[in-house]
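File shown: model.txt (compact mmCIF, N, CA and C atoms).
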```txt
# COMPACT_ATOMS: atom_id res chain seq x y z
N MET A 1 242.93 109.53 43.26
CA MET A 1 242.25 109.25 42.04
C MET A 1 242.72 110.24 40.98
N THR A 2 242.97 109.72 39.80
CA THR A 2 243.50 110.53 38.72
C THR A 2 242.50 110.54 37.55
N ASP A 3 242.18 111.71 37.09
CA ASP A 3 241.28 111.83 35.93
C ASP A 3 242.11 112.10 34.69
N THR A 4 241.69 111.49 33.60
CA THR A 4 242.38 111.70 32.34
C THR A 4 241.55 112.66 31.49
N LEU A 5 242.20 113.69 31.04
CA LEU A 5 241.53 114.66 30.18
C LEU A 5 241.76 114.30 28.71
N THR A 6 240.73 114.39 27.94
CA THR A 6 240.87 114.13 26.51
C THR A 6 240.42 115.35 25.74
N ALA A 7 240.96 115.47 24.56
CA ALA A 7 240.59 116.61 23.72
C ALA A 7 239.15 116.41 23.22
N PRO A 8 238.40 117.47 23.11
CA PRO A 8 237.03 117.34 22.63
C PRO A 8 237.00 116.85 21.17
N ARG A 9 236.07 115.98 20.91
CA ARG A 9 235.92 115.45 19.55
C ARG A 9 234.84 116.24 18.83
N PRO A 10 234.98 116.33 17.52
CA PRO A 10 233.91 117.04 16.78
C PRO A 10 232.61 116.22 16.85
N VAL A 11 231.54 116.91 17.06
CA VAL A 11 230.24 116.27 17.18
C VAL A 11 229.64 116.18 15.78
N LEU A 12 229.25 114.97 15.40
CA LEU A 12 228.60 114.78 14.11
C LEU A 12 227.11 115.01 14.30
N SER A 13 226.61 115.95 13.57
CA SER A 13 225.21 116.30 13.72
C SER A 13 224.37 115.64 12.64
N ALA A 14 223.22 115.15 13.01
CA ALA A 14 222.29 114.56 12.05
C ALA A 14 221.25 115.60 11.63
N ALA A 15 221.48 116.85 11.95
CA ALA A 15 220.51 117.90 11.68
C ALA A 15 220.25 118.16 10.19
N PRO A 16 221.24 118.08 9.30
CA PRO A 16 220.94 118.41 7.90
C PRO A 16 219.88 117.52 7.27
N ALA A 17 219.85 116.25 7.57
CA ALA A 17 218.85 115.36 6.96
C ALA A 17 217.44 115.69 7.44
N PRO A 18 217.17 115.76 8.76
CA PRO A 18 215.82 116.11 9.18
C PRO A 18 215.41 117.52 8.78
N ARG A 19 216.36 118.42 8.76
CA ARG A 19 216.03 119.79 8.37
C ARG A 19 215.60 119.83 6.92
N SER A 20 216.28 119.07 6.09
CA SER A 20 215.92 119.01 4.68
C SER A 20 214.55 118.36 4.52
N ALA A 21 214.30 117.28 5.26
CA ALA A 21 212.99 116.61 5.19
C ALA A 21 211.89 117.53 5.69
N ALA A 22 212.15 118.28 6.73
CA ALA A 22 211.15 119.21 7.25
C ALA A 22 210.88 120.32 6.25
N ARG A 23 211.92 120.77 5.59
CA ARG A 23 211.74 121.82 4.59
C ARG A 23 210.87 121.34 3.43
N TRP A 24 211.12 120.10 2.97
CA TRP A 24 210.29 119.54 1.90
C TRP A 24 208.85 119.36 2.35
N ALA A 25 208.65 118.99 3.60
CA ALA A 25 207.29 118.83 4.12
C ALA A 25 206.56 120.17 4.15
N VAL A 26 207.24 121.21 4.54
CA VAL A 26 206.63 122.54 4.56
C VAL A 26 206.32 123.00 3.14
N VAL A 27 207.26 122.79 2.23
CA VAL A 27 207.02 123.17 0.83
C VAL A 27 205.83 122.41 0.27
N GLY A 28 205.75 121.12 0.56
CA GLY A 28 204.62 120.33 0.09
C GLY A 28 203.30 120.81 0.66
N GLY A 29 203.31 121.19 1.92
CA GLY A 29 202.10 121.71 2.55
C GLY A 29 201.67 123.04 1.97
N VAL A 30 202.61 123.88 1.63
CA VAL A 30 202.29 125.19 1.05
C VAL A 30 201.77 125.03 -0.37
N VAL A 31 202.31 124.08 -1.11
CA VAL A 31 201.90 123.88 -2.51
C VAL A 31 200.56 123.13 -2.59
N ALA A 32 200.27 122.26 -1.64
CA ALA A 32 199.09 121.40 -1.71
C ALA A 32 197.78 122.18 -1.73
N GLY A 33 197.65 123.19 -0.92
CA GLY A 33 196.40 123.96 -0.85
C GLY A 33 196.03 124.63 -2.16
N PRO A 34 196.91 125.47 -2.70
CA PRO A 34 196.59 126.12 -3.97
C PRO A 34 196.42 125.13 -5.13
N LEU A 35 197.18 124.03 -5.11
CA LEU A 35 197.04 123.03 -6.16
C LEU A 35 195.68 122.35 -6.09
N PHE A 36 195.21 122.03 -4.88
CA PHE A 36 193.89 121.44 -4.70
C PHE A 36 192.81 122.40 -5.19
N LEU A 37 192.91 123.66 -4.83
CA LEU A 37 191.92 124.65 -5.23
C LEU A 37 191.91 124.83 -6.75
N ALA A 38 193.09 124.92 -7.35
CA ALA A 38 193.18 125.09 -8.80
C ALA A 38 192.58 123.89 -9.53
N ALA A 39 192.89 122.68 -9.06
CA ALA A 39 192.34 121.48 -9.70
C ALA A 39 190.82 121.46 -9.56
N GLY A 40 190.31 121.84 -8.40
CA GLY A 40 188.86 121.87 -8.19
C GLY A 40 188.18 122.90 -9.06
N LEU A 41 188.78 124.05 -9.22
CA LEU A 41 188.19 125.09 -10.07
C LEU A 41 188.16 124.65 -11.53
N VAL A 42 189.25 124.08 -12.00
CA VAL A 42 189.30 123.61 -13.39
C VAL A 42 188.26 122.53 -13.61
N GLN A 43 188.18 121.57 -12.70
CA GLN A 43 187.19 120.50 -12.83
C GLN A 43 185.77 121.06 -12.79
N GLY A 44 185.52 122.02 -11.92
CA GLY A 44 184.18 122.60 -11.80
C GLY A 44 183.75 123.33 -13.06
N PHE A 45 184.67 124.05 -13.69
CA PHE A 45 184.32 124.77 -14.91
C PHE A 45 184.15 123.84 -16.10
N VAL A 46 184.84 122.72 -16.09
CA VAL A 46 184.79 121.78 -17.21
C VAL A 46 183.60 120.82 -17.11
N ARG A 47 183.22 120.44 -15.90
CA ARG A 47 182.18 119.44 -15.73
C ARG A 47 180.79 120.01 -16.01
N ASP A 48 180.04 119.28 -16.84
CA ASP A 48 178.68 119.70 -17.19
C ASP A 48 177.76 119.55 -15.97
N GLY A 49 176.93 120.55 -15.75
CA GLY A 49 175.96 120.51 -14.67
C GLY A 49 176.50 120.90 -13.30
N PHE A 50 177.78 121.19 -13.20
CA PHE A 50 178.34 121.57 -11.90
C PHE A 50 178.20 123.07 -11.73
N ASP A 51 177.68 123.48 -10.59
CA ASP A 51 177.48 124.89 -10.29
C ASP A 51 178.09 125.19 -8.93
N PHE A 52 179.01 126.14 -8.89
CA PHE A 52 179.70 126.45 -7.64
C PHE A 52 178.76 127.04 -6.59
N THR A 53 177.64 127.59 -7.01
CA THR A 53 176.70 128.15 -6.04
C THR A 53 175.84 127.07 -5.39
N ARG A 54 175.73 125.90 -6.02
CA ARG A 54 174.90 124.81 -5.47
C ARG A 54 175.72 123.62 -4.99
N ASN A 55 176.88 123.42 -5.55
CA ASN A 55 177.67 122.23 -5.25
C ASN A 55 178.98 122.60 -4.56
N ALA A 56 179.43 121.70 -3.68
CA ALA A 56 180.73 121.86 -3.03
C ALA A 56 181.82 121.23 -3.91
N ILE A 57 183.03 121.72 -3.78
CA ILE A 57 184.13 121.19 -4.58
C ILE A 57 184.34 119.70 -4.28
N SER A 58 184.05 119.28 -3.07
CA SER A 58 184.23 117.87 -2.72
C SER A 58 183.30 116.95 -3.51
N GLN A 59 182.22 117.48 -4.05
CA GLN A 59 181.31 116.67 -4.85
C GLN A 59 181.90 116.31 -6.20
N LEU A 60 183.00 116.92 -6.56
CA LEU A 60 183.68 116.57 -7.80
C LEU A 60 184.32 115.19 -7.72
N ALA A 61 184.40 114.62 -6.53
CA ALA A 61 184.96 113.28 -6.36
C ALA A 61 183.99 112.21 -6.84
N LEU A 62 182.76 112.59 -7.11
CA LEU A 62 181.76 111.65 -7.61
C LEU A 62 181.84 111.55 -9.12
N GLY A 63 181.52 110.41 -9.67
CA GLY A 63 181.47 110.24 -11.12
C GLY A 63 182.75 109.66 -11.70
N ASP A 64 182.82 109.68 -13.03
CA ASP A 64 183.93 109.06 -13.75
C ASP A 64 185.27 109.75 -13.49
N ALA A 65 185.26 111.06 -13.41
CA ALA A 65 186.52 111.79 -13.22
C ALA A 65 186.81 112.05 -11.73
N GLY A 66 186.13 111.36 -10.85
CA GLY A 66 186.31 111.56 -9.42
C GLY A 66 187.68 111.20 -8.90
N TRP A 67 188.38 110.33 -9.62
CA TRP A 67 189.72 109.92 -9.19
C TRP A 67 190.67 111.11 -9.15
N ILE A 68 190.42 112.11 -9.98
CA ILE A 68 191.30 113.29 -9.98
C ILE A 68 191.17 114.03 -8.65
N GLN A 69 189.95 114.21 -8.21
CA GLN A 69 189.71 114.94 -6.96
C GLN A 69 190.13 114.11 -5.75
N THR A 70 189.98 112.81 -5.85
CA THR A 70 190.33 111.95 -4.73
C THR A 70 191.84 111.90 -4.57
```
Just dump the structure as structure tokens.
Amino acid sequence: MTDTLTAPRPVLSAAPAPRSAARWAVVGGVVAGPLFLAAGLVQGFVRDGFDFTRNAISQLALGDAGWIQT
């Protein structure tokens, strides 16, 4: 029996695309938290009758401007 040896071929890696997508996902996750908090604070200070000591930020989703929080 005779085996034929071939030269190794370069391996094409699909790593750059998923790595880039993963990086964007991490960046989005890091930015989302502070952005949510900042939007909630601005809405809380602007909305009449909202008090941070009595109301949760999630209650800003109620009312006419609730679409911003949602």
Spatial neighbours of region 33-42 of chain A, 8 Å, only N, CA and C atoms, chain gap at least 6 places, as a ChimeraX atom specification: /A:57-58,60,68-69
Mind checking DSSP for chain A and telling me the helix (DSSP H, G or I) residues as an NGL selection string? :A and (16-46 or 57-61 or 66-69)
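Using only N, CA and C atoms, the protein and nucleic acid residues lying no more than 8 Å from Thr70 (chain A), apart from those fewer than 5 places from it along its own chain, are Leu60, Ala61, Leu62 and Ala65 of chain A.
Pairwise distance (atom C of Thr53 (chain A), atom N of Val30 (chain A)) equals 27.9 Å.
The space separating CA of Trp24 (chain A) from atom C of Ala56 (chain A) comes to 29.1 Å.
If you look at CA of Asp48 (chain A) and CA of Gly63 (chain A), they are 11.6 Å away from each other.
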Set up a box along x, y and z of the file covering all listed atoms of region 47-64 of chain A, add 4 Å on every one of the six sides, and write the centre and edge lengths in Å to one decimal, as JSON.
```
{"center_x": 180.1, "center_y": 118.6, "center_z": -10.0, "size_x": 18.4, "size_y": 27.1, "size_z": 22.5}
```
